[in-house]
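Have a look at work_6.tsv; it's TSV, N, CA and C atoms:
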```tsv
chain	number	residue	atom	x	y	z
A	1373	MET	N	10.07	51.01	21.27
A	1373	MET	CA	8.77	51.63	21.47
A	1373	MET	C	7.90	50.71	22.33
A	1374	LEU	N	7.15	51.34	23.21
A	1374	LEU	CA	6.16	50.62	24.01
A	1374	LEU	C	4.79	50.87	23.40
A	1375	HIS	N	4.14	49.80	22.99
A	1375	HIS	CA	2.80	49.86	22.43
A	1375	HIS	C	1.83	49.49	23.56
A	1376	ILE	N	0.86	50.36	23.82
A	1376	ILE	CA	-0.11	50.12	24.90
A	1376	ILE	C	-1.49	49.96	24.27
A	1377	VAL	N	-2.12	48.83	24.57
A	1377	VAL	CA	-3.45	48.54	24.02
A	1377	VAL	C	-4.41	48.33	25.18
A	1378	ASN	N	-5.61	48.94	25.07
A	1378	ASN	CA	-6.59	48.80	26.15
A	1378	ASN	C	-7.93	48.24	25.69
A	1379	LYS	N	-8.10	47.95	24.42
A	1379	LYS	CA	-9.38	47.45	23.90
A	1379	LYS	C	-9.35	45.93	23.75
A	1380	SER	N	-10.46	45.31	24.05
A	1380	SER	CA	-10.59	43.86	23.90
A	1380	SER	C	-10.41	43.46	22.45
A	1381	PRO	N	-9.66	42.39	22.19
A	1381	PRO	CA	-9.51	41.92	20.82
A	1381	PRO	C	-10.80	41.32	20.26
A	1382	LEU	N	-11.77	41.11	21.15
A	1382	LEU	CA	-13.06	40.56	20.72
A	1382	LEU	C	-14.01	41.65	20.25
A	1383	GLU	N	-13.70	42.91	20.58
A	1383	GLU	CA	-14.57	44.03	20.21
A	1383	GLU	C	-13.97	44.96	19.18
A	1384	LYS	N	-12.65	45.11	19.17
A	1384	LYS	CA	-11.96	46.05	18.29
A	1384	LYS	C	-10.81	45.35	17.58
A	1385	SER	N	-10.37	45.92	16.49
A	1385	SER	CA	-9.24	45.35	15.74
A	1385	SER	C	-7.92	46.02	16.09
A	1386	THR	N	-7.90	46.76	17.19
A	1386	THR	CA	-6.70	47.50	17.59
A	1386	THR	C	-5.49	46.60	17.74
A	1387	LEU	N	-5.65	45.48	18.43
A	1387	LEU	CA	-4.52	44.58	18.64
A	1387	LEU	C	-4.00	44.05	17.31
A	1388	ASP	N	-4.89	43.69	16.40
A	1388	ASP	CA	-4.46	43.21	15.08
A	1388	ASP	C	-3.62	44.27	14.37
A	1389	THR	N	-4.03	45.52	14.48
A	1389	THR	CA	-3.29	46.61	13.84
A	1389	THR	C	-1.90	46.74	14.44
A	1390	VAL	N	-1.81	46.71	15.75
A	1390	VAL	CA	-0.51	46.79	16.42
A	1390	VAL	C	0.38	45.64	16.00
A	1391	LEU	N	-0.15	44.44	16.02
A	1391	LEU	CA	0.66	43.27	15.68
A	1391	LEU	C	1.12	43.30	14.23
A	1392	ARG	N	0.34	43.91	13.38
A	1392	ARG	CA	0.72	44.02	11.96
A	1392	ARG	C	1.80	45.09	11.75
A	1393	LEU	N	1.74	46.19	12.51
A	1393	LEU	CA	2.63	47.32	12.27
A	1393	LEU	C	3.88	47.36	13.15
A	1394	ALA	N	3.80	46.82	14.34
A	1394	ALA	CA	4.94	46.88	15.26
A	1394	ALA	C	6.06	45.98	14.79
A	1395	ARG	N	7.25	46.53	14.74
A	1395	ARG	CA	8.42	45.77	14.28
A	1395	ARG	C	9.24	45.22	15.45
A	1396	SER	N	9.25	45.96	16.55
A	1396	SER	CA	10.03	45.54	17.72
A	1396	SER	C	9.54	46.33	18.92
A	1397	GLY	N	10.16	46.07	20.06
A	1397	GLY	CA	9.79	46.79	21.27
A	1397	GLY	C	8.98	45.93	22.21
A	1398	ALA	N	8.03	46.57	22.85
A	1398	ALA	CA	7.21	45.89	23.84
A	1398	ALA	C	5.74	46.23	23.64
A	1399	LEU	N	4.91	45.30	24.06
A	1399	LEU	CA	3.46	45.46	23.99
A	1399	LEU	C	2.91	45.29	25.40
A	1400	LEU	N	2.16	46.27	25.86
A	1400	LEU	CA	1.53	46.21	27.18
A	1400	LEU	C	0.03	46.17	27.00
A	1401	LEU	N	-0.59	45.13	27.50
A	1401	LEU	CA	-2.04	44.97	27.45
A	1401	LEU	C	-2.63	45.42	28.77
A	1402	ILE	N	-3.57	46.36	28.70
A	1402	ILE	CA	-4.22	46.88	29.90
A	1402	ILE	C	-5.73	46.84	29.70
A	1403	GLU	N	-6.46	47.08	30.78
A	1403	GLU	CA	-7.93	47.12	30.76
A	1403	GLU	C	-8.46	45.86	30.04
A	1404	ASP	N	-9.42	46.01	29.11
A	1404	ASP	CA	-10.01	44.83	28.45
A	1404	ASP	C	-9.07	44.13	27.48
A	1405	ALA	N	-7.97	44.76	27.12
A	1405	ALA	CA	-7.00	44.12	26.22
A	1405	ALA	C	-6.33	42.92	26.87
A	1406	VAL	N	-6.38	42.83	28.21
A	1406	VAL	CA	-5.74	41.69	28.88
A	1406	VAL	C	-6.38	40.36	28.49
A	1407	TYR	N	-7.59	40.39	27.97
A	1407	TYR	CA	-8.21	39.14	27.51
A	1407	TYR	C	-7.37	38.48	26.42
A	1408	ALA	N	-6.65	39.27	25.65
A	1408	ALA	CA	-5.79	38.73	24.59
A	1408	ALA	C	-4.66	37.89	25.15
A	1409	ALA	N	-4.29	38.12	26.41
A	1409	ALA	CA	-3.18	37.41	27.03
A	1409	ALA	C	-3.60	36.11	27.69
A	1410	THR	N	-4.84	35.68	27.46
A	1410	THR	CA	-5.33	34.47	28.11
A	1410	THR	C	-5.38	33.28	27.17
A	1411	LYS	N	-5.16	32.12	27.74
A	1411	LYS	CA	-5.18	30.87	26.98
A	1411	LYS	C	-6.58	30.61	26.45
A	1412	GLY	N	-6.64	30.14	25.20
A	1412	GLY	CA	-7.91	29.69	24.63
A	1412	GLY	C	-8.74	30.76	23.95
A	1413	ASN	N	-8.24	31.97	23.82
A	1413	ASN	CA	-9.03	32.99	23.13
A	1413	ASN	C	-8.58	33.09	21.68
A	1414	ALA	N	-9.36	33.78	20.86
A	1414	ALA	CA	-9.09	33.87	19.42
A	1414	ALA	C	-7.78	34.59	19.10
A	1415	ALA	N	-7.33	35.48	19.99
A	1415	ALA	CA	-6.11	36.24	19.75
A	1415	ALA	C	-4.84	35.49	20.15
A	1416	GLU	N	-4.99	34.39	20.84
A	1416	GLU	CA	-3.81	33.68	21.37
A	1416	GLU	C	-2.79	33.33	20.29
A	1417	PRO	N	-3.16	32.73	19.16
A	1417	PRO	CA	-2.14	32.38	18.15
A	1417	PRO	C	-1.40	33.61	17.61
A	1418	LYS	N	-2.11	34.69	17.41
A	1418	LYS	CA	-1.48	35.92	16.91
A	1418	LYS	C	-0.51	36.48	17.94
A	1419	LEU	N	-0.90	36.45	19.19
A	1419	LEU	CA	-0.04	36.98	20.24
A	1419	LEU	C	1.20	36.11	20.40
A	1420	ARG	N	1.03	34.82	20.33
A	1420	ARG	CA	2.19	33.91	20.43
A	1420	ARG	C	3.17	34.17	19.29
A	1421	GLN	N	2.66	34.38	18.10
A	1421	GLN	CA	3.52	34.66	16.95
A	1421	GLN	C	4.24	36.01	17.14
A	1422	ALA	N	3.55	36.98	17.69
A	1422	ALA	CA	4.14	38.31	17.90
A	1422	ALA	C	5.27	38.28	18.92
A	1423	MET	N	5.25	37.30	19.82
A	1423	MET	CA	6.28	37.23	20.85
A	1423	MET	C	7.68	37.00	20.27
A	1424	ALA	N	7.77	36.65	19.00
A	1424	ALA	CA	9.07	36.51	18.36
A	1424	ALA	C	9.73	37.88	18.14
A	1425	LYS	N	8.92	38.93	18.04
A	1425	LYS	CA	9.48	40.26	17.80
A	1425	LYS	C	9.17	41.27	18.91
A	1426	LEU	N	8.22	40.98	19.76
A	1426	LEU	CA	7.82	41.90	20.82
A	1426	LEU	C	7.85	41.21	22.19
A	1427	LYS	N	8.25	41.95	23.20
A	1427	LYS	CA	8.08	41.48	24.57
A	1427	LYS	C	6.64	41.82	24.93
A	1428	VAL	N	5.91	40.87	25.48
A	1428	VAL	CA	4.48	41.09	25.76
A	1428	VAL	C	4.25	41.09	27.28
A	1429	PHE	N	3.55	42.12	27.72
A	1429	PHE	CA	3.24	42.30	29.14
A	1429	PHE	C	1.73	42.48	29.29
A	1430	ALA	N	1.21	42.09	30.44
A	1430	ALA	CA	-0.20	42.31	30.78
A	1430	ALA	C	-0.26	42.88	32.19
A	1431	LEU	N	-1.14	43.83	32.39
A	1431	LEU	CA	-1.27	44.47	33.70
A	1431	LEU	C	-2.01	43.54	34.66
A	1432	GLY	N	-1.30	43.11	35.69
A	1432	GLY	CA	-1.83	42.16	36.65
A	1432	GLY	C	-3.14	42.56	37.31
A	1433	PRO	N	-3.27	43.80	37.81
A	1433	PRO	CA	-4.53	44.18	38.43
A	1433	PRO	C	-5.72	44.08	37.48
A	1434	ASP	N	-5.50	44.33	36.18
A	1434	ASP	CA	-6.59	44.20	35.21
A	1434	ASP	C	-6.93	42.73	34.95
A	1435	LEU	N	-5.91	41.87	34.96
A	1435	LEU	CA	-6.17	40.43	34.83
A	1435	LEU	C	-6.98	39.94	36.02
A	1436	GLN	N	-6.60	40.38	37.21
A	1436	GLN	CA	-7.31	39.97	38.42
A	1436	GLN	C	-8.73	40.50	38.44
A	1437	ALA	N	-8.92	41.74	38.04
A	1437	ALA	CA	-10.25	42.35	38.06
A	1437	ALA	C	-11.21	41.62	37.12
A	1438	ARG	N	-10.68	40.99	36.09
A	1438	ARG	CA	-11.51	40.28	35.11
A	1438	ARG	C	-11.54	38.78	35.37
A	1439	GLY	N	-10.89	38.34	36.44
A	1439	GLY	CA	-10.93	36.93	36.83
A	1439	GLY	C	-10.18	36.00	35.91
A	1440	VAL	N	-9.14	36.50	35.22
A	1440	VAL	CA	-8.42	35.66	34.26
A	1440	VAL	C	-6.92	35.57	34.58
A	1441	ALA	N	-6.52	35.98	35.76
A	1441	ALA	CA	-5.10	35.99	36.12
A	1441	ALA	C	-4.48	34.59	36.10
A	1442	ASP	N	-5.28	33.57	36.25
A	1442	ASP	CA	-4.76	32.19	36.27
A	1442	ASP	C	-4.70	31.56	34.88
A	1443	ARG	N	-5.03	32.32	33.84
A	1443	ARG	CA	-5.07	31.77	32.48
A	1443	ARG	C	-4.12	32.49	31.52
A	1444	VAL	N	-3.09	33.11	32.04
A	1444	VAL	CA	-2.16	33.89	31.20
A	1444	VAL	C	-1.31	32.95	30.34
A	1445	ILE	N	-1.15	33.32	29.09
A	1445	ILE	CA	-0.35	32.57	28.13
A	1445	ILE	C	1.11	32.54	28.59
A	1446	ASP	N	1.75	31.39	28.45
A	1446	ASP	CA	3.18	31.28	28.76
A	1446	ASP	C	3.95	32.28	27.90
A	1447	GLY	N	4.86	33.00	28.52
A	1447	GLY	CA	5.66	33.98	27.80
A	1447	GLY	C	5.17	35.41	27.97
A	1448	VAL	N	3.93	35.58	28.42
A	1448	VAL	CA	3.42	36.92	28.71
A	1448	VAL	C	3.80	37.25	30.15
A	1449	GLN	N	4.47	38.36	30.32
A	1449	GLN	CA	4.90	38.77	31.65
A	1449	GLN	C	3.83	39.65	32.29
A	1450	THR	N	3.52	39.35	33.53
A	1450	THR	CA	2.55	40.14	34.27
A	1450	THR	C	3.28	41.24	35.04
A	1451	VAL	N	2.76	42.46	34.96
A	1451	VAL	CA	3.36	43.57	35.69
A	1451	VAL	C	2.29	44.25	36.55
A	1452	ASP	N	2.74	44.85	37.63
A	1452	ASP	CA	1.85	45.65	38.47
A	1452	ASP	C	1.95	47.10	38.02
A	1453	TYR	N	1.34	48.02	38.75
A	1453	TYR	CA	1.37	49.43	38.34
A	1453	TYR	C	2.80	49.98	38.34
A	1454	GLU	N	3.60	49.55	39.29
A	1454	GLU	CA	5.00	49.98	39.31
A	1454	GLU	C	5.73	49.49	38.06
A	1455	GLY	N	5.43	48.24	37.66
A	1455	GLY	CA	6.02	47.71	36.44
A	1455	GLY	C	5.57	48.47	35.20
A	1456	PHE	N	4.33	48.92	35.20
A	1456	PHE	CA	3.80	49.76	34.12
A	1456	PHE	C	4.65	51.03	34.01
A	1457	VAL	N	4.88	51.68	35.14
A	1457	VAL	CA	5.68	52.90	35.15
A	1457	VAL	C	7.11	52.60	34.67
A	1458	ASP	N	7.67	51.50	35.12
A	1458	ASP	CA	9.02	51.11	34.69
A	1458	ASP	C	9.09	50.92	33.18
A	1459	LEU	N	8.06	50.29	32.59
A	1459	LEU	CA	8.04	50.09	31.14
A	1459	LEU	C	8.00	51.43	30.41
A	1460	VAL	N	7.19	52.35	30.89
A	1460	VAL	CA	7.12	53.67	30.27
A	1460	VAL	C	8.47	54.37	30.38
A	1461	ALA	N	9.12	54.26	31.53
A	1461	ALA	CA	10.42	54.91	31.73
A	1461	ALA	C	11.51	54.29	30.86
A	1462	GLU	N	11.42	52.97	30.62
A	1462	GLU	CA	12.42	52.26	29.82
A	1462	GLU	C	12.35	52.59	28.34
A	1463	HIS	N	11.18	52.95	27.86
A	1463	HIS	CA	10.97	53.17	26.43
A	1463	HIS	C	10.84	54.66	26.13
A	1464	PRO	N	11.73	55.18	25.30
A	1464	PRO	CA	11.69	56.60	24.99
A	1464	PRO	C	10.43	57.03	24.24
A	1465	THR	N	9.78	56.06	23.59
A	1465	THR	CA	8.57	56.36	22.85
A	1465	THR	C	7.48	55.39	23.28
A	1466	CYS	N	6.30	55.93	23.57
A	1466	CYS	CA	5.13	55.12	23.92
A	1466	CYS	C	3.99	55.49	23.00
A	1467	GLN	N	3.28	54.47	22.54
A	1467	GLN	CA	2.12	54.69	21.66
A	1467	GLN	C	0.91	54.01	22.28
A	1468	SER	N	-0.08	54.79	22.65
A	1468	SER	CA	-1.35	54.23	23.13
A	1468	SER	C	-2.26	54.07	21.92
A	1469	TRP	N	-2.69	52.85	21.69
A	1469	TRP	CA	-3.53	52.54	20.54
A	1469	TRP	C	-4.99	52.55	20.97
A	1470	LEU	N	-5.81	53.26	20.22
A	1470	LEU	CA	-7.23	53.39	20.55
A	1470	LEU	C	-8.09	52.53	19.65
```
Rendering of file as structure tokens:
Amino acid sequence: MLHIVNKSPLEKSTLDTVLRLARSGALLLIEDAVYAATKGNAAEPKLRQAMAKLKVFALGPDLQARGVADRVIDGVQTVDYEGFVDLVAEHPTCQSWL
């Protein structure tokens, strides 16, 4: 399953819910959720721990738009829009978390 999160971990608990419930698959951070993929934020330890069971991706254009593309946590893979489409195509089930 591909889990897609678009809310900042600083404003919503969506990411915490996903990390608690997701057993395997991939996590794609888009829009304001990309802040979770940056070094030094409150979500970093949780995201690092989740990488043991989930592949974690962040949308590159959203990282760039927020000026944090140079602070991505090691192990988080950056994808472009084509990579986003590839992830959706690879996973038979996608869940967008609100």
For this session: Using DSSP on the backbone coordinates, identify the residues of range 1402-1467 of chain A assigned to strand (DSSP E or B); present them as a ChimeraX atom specification.
Result: /A:1410,1427-1431,1444,1449-1451,1466-1467
For this session: Skip Leu1400 in chain A itself and residues of its chain fewer than 5 positions away, then list as a list in words all residues within 5 Å of it, counting all atoms listed in the file.
Result: His1375, Ile1376, Val1377 and Phe1429 of chain A
For range 1444-1463 of chain A, I'd like the enclosing box, axis-aligned and padded by 4 Å on every side, reported as lines of an AutoDock Vina configuration file with centre and edge lengths in Å to one decimal.
```
center_x = 4.7
center_y = 43.1
center_z = 32.7
size_x = 23.5
size_y = 31.6
size_z = 21.2
```
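Between CA of Leu1391 in chain A and atom C of Gln1421 in chain A the separation is 8.2 Å.
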Problem set entry | alpha helix (DSSP H) positions in chain A, given as JSON, numbers by chain | {"A": [1386, 1387, 1388, 1389, 1390, 1391, 1392, 1393, 1416, 1417, 1418, 1419, 1420, 1421, 1422, 1432, 1433, 1434, 1435, 1436, 1437, 1453, 1454, 1455, 1456, 1457, 1458, 1459, 1460, 1461, 1462]}
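Take atom C of Val1448 in chain A and CA of Val1428 in chain A: the distance between them is 5.9 Å.
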Problem set entry | Distance of atom C of Asp1442 in chain A from CA of Gly1412 in chain A, expressed in Å to one decimal place | 10.9 Å
Problem set entry | Residue contacts of Ile1402 in chain A (6.5 Å, only N, CA and C atoms) excluding same-chain residues fewer than 6 positions away, as a PyMOL selection string | chain A and resi 1376-1379+1430-1431+1434
For the residues in the current selection, export N, CA and C atoms as a CSV table (one decimal), in the frame of the given file.
```csv
chain,number,residue,atom,x,y,z
A,1376,ILE,N,0.9,50.4,23.8
A,1376,ILE,CA,-0.1,50.1,24.9
A,1376,ILE,C,-1.5,50.0,24.3
A,1377,VAL,N,-2.1,48.8,24.6
A,1377,VAL,CA,-3.4,48.5,24.0
A,1377,VAL,C,-4.4,48.3,25.2
A,1378,ASN,N,-5.6,48.9,25.1
A,1378,ASN,CA,-6.6,48.8,26.2
A,1378,ASN,C,-7.9,48.2,25.7
A,1379,LYS,N,-8.1,48.0,24.4
A,1379,LYS,CA,-9.4,47.4,23.9
A,1379,LYS,C,-9.4,45.9,23.8
A,1430,ALA,N,1.2,42.1,30.4
A,1430,ALA,CA,-0.2,42.3,30.8
A,1430,ALA,C,-0.3,42.9,32.2
A,1431,LEU,N,-1.1,43.8,32.4
A,1431,LEU,CA,-1.3,44.5,33.7
A,1431,LEU,C,-2.0,43.5,34.7
A,1434,ASP,N,-5.5,44.3,36.2
A,1434,ASP,CA,-6.6,44.2,35.2
A,1434,ASP,C,-6.9,42.7,35.0
```
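Considering the residues A:Pro1433, A:Ala1408, A:Ser1468, A:Arg1438 and counting only C-alpha atoms, Tyr1453 in chain A has its shortest atom-to-atom contact with A:Pro1433.
Checking A:Leu1382, A:Ser1396, A:Asp1404, A:Asp1388 one by one against Gly1439 in chain A, counting only C-alpha atoms, you find the shortest gap at A:Asp1404.
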Seminar exercise, completed: If you count only C-alpha atoms, the residue of A:Cys1466, A:Leu1459, A:Ala1422, A:Ala1414 closest to Gly1447 in chain A turns out to be A:Ala1422
